[in-house]
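To keep things clear, I will list the structure first and then write my remarks on it.
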Amino acid sequence: MIKLLLPLALCALLSGCQQDCDGNVYVLAQNLAAGDSVPGKMTPQQLPAGFPRNQLSSDGSYAGRKAYCNVNAARSDYLDSVRAARVVPGKWSIWQTDAAWPDAVHPYRPADWRLKAPARLVKEMEQHGS
């Protein structure tokens with residue numbers, strides 16, 4: 001019985017292990033098109049000049065673009081961010097990337113998964129905002 005509960009407990013601790021993951025990685029993006037890339041995890045030395053400082057961790061690194069294992073999770077996070085005024089106004093899209101869940105992501109914080117490496121936008125799934 002304990003052996004059966006261990007994977008469930010581990011999943012809960014990692015928070016983000018979701019039952020309805022379809023194997024794809026989705027991201028939120030603004031003003032991008034199919035074929036564009038979104039950044040993955042970068043050390044301070046790898047950051048391009050002019051990278052937005054407000055997106056960096058306390059150690060100066062970039063954790064990678066926030067990643068979602070399904071469209072519903074991305075939509076929910078977008079709507080929560082709108083309500084909390086944490087998003088820049090404008091048109092936002094949920095994109096399917098060429099990355100695969102869970103190999104292409106890493107847990108940054110509880111319930112906060114990030115891309116390990118750059119991913120290419122493949123298919124626009126939804127648009128939100130104006």
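Residue numbering restarts at 1 for every chain of the structure tokens, chains are lettered A, B, ... in their displayed order, and ligands are numbered from 1 as they appear.
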
Practice problem: Just the residues within 7 Å of Lys66 in chain A, please, counting only C-alpha atoms, with nothing from its chain fewer than 2 positions along; format it as a PyMOL selection string. | Solution: chain A and resi 27+64+68+112-115

Exercise. Please provide as an MDAnalysis selection string all residues within 7 Å of Gln127 in chain A, with the sequence filter that same-chain residues fewer than 4 positions apart are discarded (counting only C-alpha atoms).
Key: chainID A and resid 91:94

Quiz item: Of the candidates A:Thr43, A:Ser37, A:Thr97, A:Gln30, which one gets nearest to His128 in chain A if we count only C-alpha atoms?
Solution: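 Among the listed residues, the smallest separation from His128 in chain A belongs to A:Gln30.
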
Practice problem: Name the residues of chain A that fall into alpha helix (DSSP H) according to DSSP on the backbone, using the chain letters and numbers of this document, as a ChimeraX atom specification. | Solution: /A:2-14,71-83

Quiz item: Of the candidates A:Gly129, A:Ala119, A:Ala29, A:Val38, which one gets nearest to Ala104 in chain A if we count only C-alpha atoms?
Solution: A:Ala119

Quiz prompt | Test item: residues at most 9 Å from Arg75 in chain A, only C-alpha atoms, excluding those fewer than 3 positions along its chain, as a list in words | solution =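 Contacts, with the query itself left out: Leu28, Asn70, Val71, Asn72, Tyr78, Leu79, Asp80, Ile94, Glu126 and His128 of chain A.
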
Quiz prompt | Contact residues around Tyr62 in chain A with only C-alpha atoms at 6 Å, ignoring same-chain residues under 4 positions, as a PyMOL selection string | solution = chain A and resi 41-42+56-57

Selection file, N, CA, C and O atoms, as a PDB file, in the first residue's frame:
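What follows is the written file part-v4.pdb:
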```pdb
ATOM      1  N   LYS A  41      15.876  28.039 -19.787  1.00  0.00           N
ATOM      2  CA  LYS A  41      16.709  28.392 -18.639  1.00  0.00           C
ATOM      3  C   LYS A  41      18.060  28.936 -19.126  1.00  0.00           C
ATOM      4  O   LYS A  41      18.667  28.391 -20.042  1.00  0.00           O
ATOM      5  N   MET A  42      18.533  30.048 -18.491  1.00  0.00           N
ATOM      6  CA  MET A  42      19.824  30.648 -18.845  1.00  0.00           C
ATOM      7  C   MET A  42      20.553  31.118 -17.592  1.00  0.00           C
ATOM      8  O   MET A  42      19.932  31.673 -16.685  1.00  0.00           O
ATOM      9  N   LEU A  56      14.339  38.109 -14.035  1.00  0.00           N
ATOM     10  CA  LEU A  56      15.466  37.326 -13.526  1.00  0.00           C
ATOM     11  C   LEU A  56      15.252  36.878 -12.088  1.00  0.00           C
ATOM     12  O   LEU A  56      14.580  37.538 -11.313  1.00  0.00           O
ATOM     13  N   SER A  57      15.854  35.760 -11.752  1.00  0.00           N
ATOM     14  CA  SER A  57      15.860  35.261 -10.378  1.00  0.00           C
ATOM     15  C   SER A  57      16.822  36.091  -9.551  1.00  0.00           C
ATOM     16  O   SER A  57      17.613  36.866 -10.088  1.00  0.00           O
TER      17      SER A  57
END
```

Self-check item: Nearby residues (only C-alpha atoms) at most 10 Å from Ala99 in chain A, same-chain spacing under 4 positions excluded, as a ChimeraX atom specification
Solution: /A:23-26,67,103-105,115-122

For the selection you just gave me, I'd like the residues written to a file as a compact mmCIF listing (two decimals), in the first residue's frame, keeping all heavy atoms.
```txt
# COMPACT_ATOMS: atom_id res chain seq x y z
N GLY A 23 1.33 15.48 -22.99
CA GLY A 23 2.66 15.26 -23.52
C GLY A 23 3.26 16.48 -24.20
O GLY A 23 4.45 16.54 -24.44
N ASN A 24 2.43 17.47 -24.51
CA ASN A 24 2.91 18.70 -25.13
C ASN A 24 3.23 19.73 -24.06
O ASN A 24 2.79 19.62 -22.94
CB ASN A 24 1.84 19.28 -26.06
CG ASN A 24 1.57 18.39 -27.25
OD1 ASN A 24 2.48 17.99 -27.94
ND2 ASN A 24 0.31 18.06 -27.46
N VAL A 25 4.01 20.73 -24.45
CA VAL A 25 4.31 21.86 -23.57
C VAL A 25 3.67 23.09 -24.19
O VAL A 25 3.83 23.34 -25.39
CB VAL A 25 5.83 22.07 -23.42
CG1 VAL A 25 6.12 23.33 -22.61
CG2 VAL A 25 6.46 20.85 -22.74
N TYR A 26 2.96 23.85 -23.36
CA TYR A 26 2.28 25.06 -23.80
C TYR A 26 2.86 26.25 -23.07
O TYR A 26 3.31 26.13 -21.94
CB TYR A 26 0.77 24.95 -23.51
CG TYR A 26 0.15 23.78 -24.22
CD1 TYR A 26 0.08 22.53 -23.61
CD2 TYR A 26 -0.36 23.91 -25.51
CE1 TYR A 26 -0.47 21.45 -24.26
CE2 TYR A 26 -0.91 22.82 -26.17
CZ TYR A 26 -0.96 21.59 -25.54
OH TYR A 26 -1.50 20.51 -26.21
N ALA A 67 5.93 27.16 -18.27
CA ALA A 67 5.42 26.08 -19.11
C ALA A 67 4.19 25.44 -18.47
O ALA A 67 4.09 25.37 -17.24
CB ALA A 67 6.50 25.03 -19.33
N ASP A 103 10.03 15.97 -20.15
CA ASP A 103 11.48 16.04 -20.38
C ASP A 103 12.01 17.45 -20.60
O ASP A 103 13.14 17.75 -20.24
CB ASP A 103 11.87 15.17 -21.57
CG ASP A 103 11.55 13.71 -21.34
OD1 ASP A 103 11.53 13.28 -20.17
OD2 ASP A 103 11.29 12.99 -22.32
N ALA A 104 11.22 18.33 -21.18
CA ALA A 104 11.69 19.66 -21.56
C ALA A 104 11.45 20.73 -20.50
O ALA A 104 11.73 21.90 -20.72
CB ALA A 104 11.03 20.08 -22.87
N VAL A 105 10.95 20.33 -19.33
CA VAL A 105 10.63 21.30 -18.29
C VAL A 105 11.31 20.94 -16.97
O VAL A 105 11.73 19.81 -16.78
CB VAL A 105 9.10 21.43 -18.08
CG1 VAL A 105 8.42 21.91 -19.35
CG2 VAL A 105 8.50 20.13 -17.61
N LEU A 115 10.63 26.07 -18.93
CA LEU A 115 11.36 25.42 -20.02
C LEU A 115 12.84 25.28 -19.65
O LEU A 115 13.44 26.22 -19.15
CB LEU A 115 11.25 26.23 -21.30
CG LEU A 115 9.90 26.23 -22.00
CD1 LEU A 115 9.91 27.24 -23.14
CD2 LEU A 115 9.57 24.84 -22.53
N LYS A 116 13.42 24.12 -19.94
CA LYS A 116 14.85 23.91 -19.72
C LYS A 116 15.67 24.55 -20.84
O LYS A 116 16.77 25.02 -20.61
CB LYS A 116 15.17 22.42 -19.71
CG LYS A 116 14.68 21.67 -18.51
CD LYS A 116 15.09 20.21 -18.65
CE LYS A 116 14.57 19.36 -17.52
NZ LYS A 116 14.87 17.94 -17.71
N ALA A 117 15.13 24.53 -22.05
CA ALA A 117 15.84 25.03 -23.23
C ALA A 117 14.83 25.78 -24.11
O ALA A 117 13.62 25.64 -23.92
CB ALA A 117 16.43 23.85 -24.00
N PRO A 118 15.32 26.56 -25.08
CA PRO A 118 14.39 27.25 -25.96
C PRO A 118 13.44 26.27 -26.65
O PRO A 118 13.79 25.12 -26.90
CB PRO A 118 15.30 27.92 -26.99
CG PRO A 118 16.62 28.02 -26.33
CD PRO A 118 16.72 26.82 -25.41
N ALA A 119 12.24 26.75 -26.92
CA ALA A 119 11.24 25.93 -27.62
C ALA A 119 10.62 26.78 -28.73
O ALA A 119 10.46 27.99 -28.59
CB ALA A 119 10.16 25.46 -26.65
N ARG A 120 10.28 26.11 -29.82
CA ARG A 120 9.68 26.79 -30.96
C ARG A 120 8.16 26.73 -30.85
O ARG A 120 7.59 25.70 -30.47
CB ARG A 120 10.15 26.12 -32.25
CG ARG A 120 9.78 26.86 -33.52
CD ARG A 120 10.43 26.24 -34.74
NE ARG A 120 10.17 24.81 -34.86
CZ ARG A 120 9.06 24.29 -35.38
NH1 ARG A 120 8.11 25.06 -35.83
NH2 ARG A 120 8.92 22.98 -35.44
N LEU A 121 7.50 27.85 -31.16
CA LEU A 121 6.03 27.88 -31.16
C LEU A 121 5.54 27.15 -32.40
O LEU A 121 5.96 27.45 -33.52
CB LEU A 121 5.54 29.33 -31.17
CG LEU A 121 6.02 30.21 -30.01
CD1 LEU A 121 5.47 31.62 -30.17
CD2 LEU A 121 5.63 29.61 -28.68
N VAL A 122 4.63 26.20 -32.20
CA VAL A 122 4.15 25.35 -33.29
C VAL A 122 2.73 25.70 -33.70
O VAL A 122 2.45 25.88 -34.89
CB VAL A 122 4.24 23.86 -32.89
CG1 VAL A 122 3.63 22.97 -33.94
CG2 VAL A 122 5.68 23.47 -32.59
```
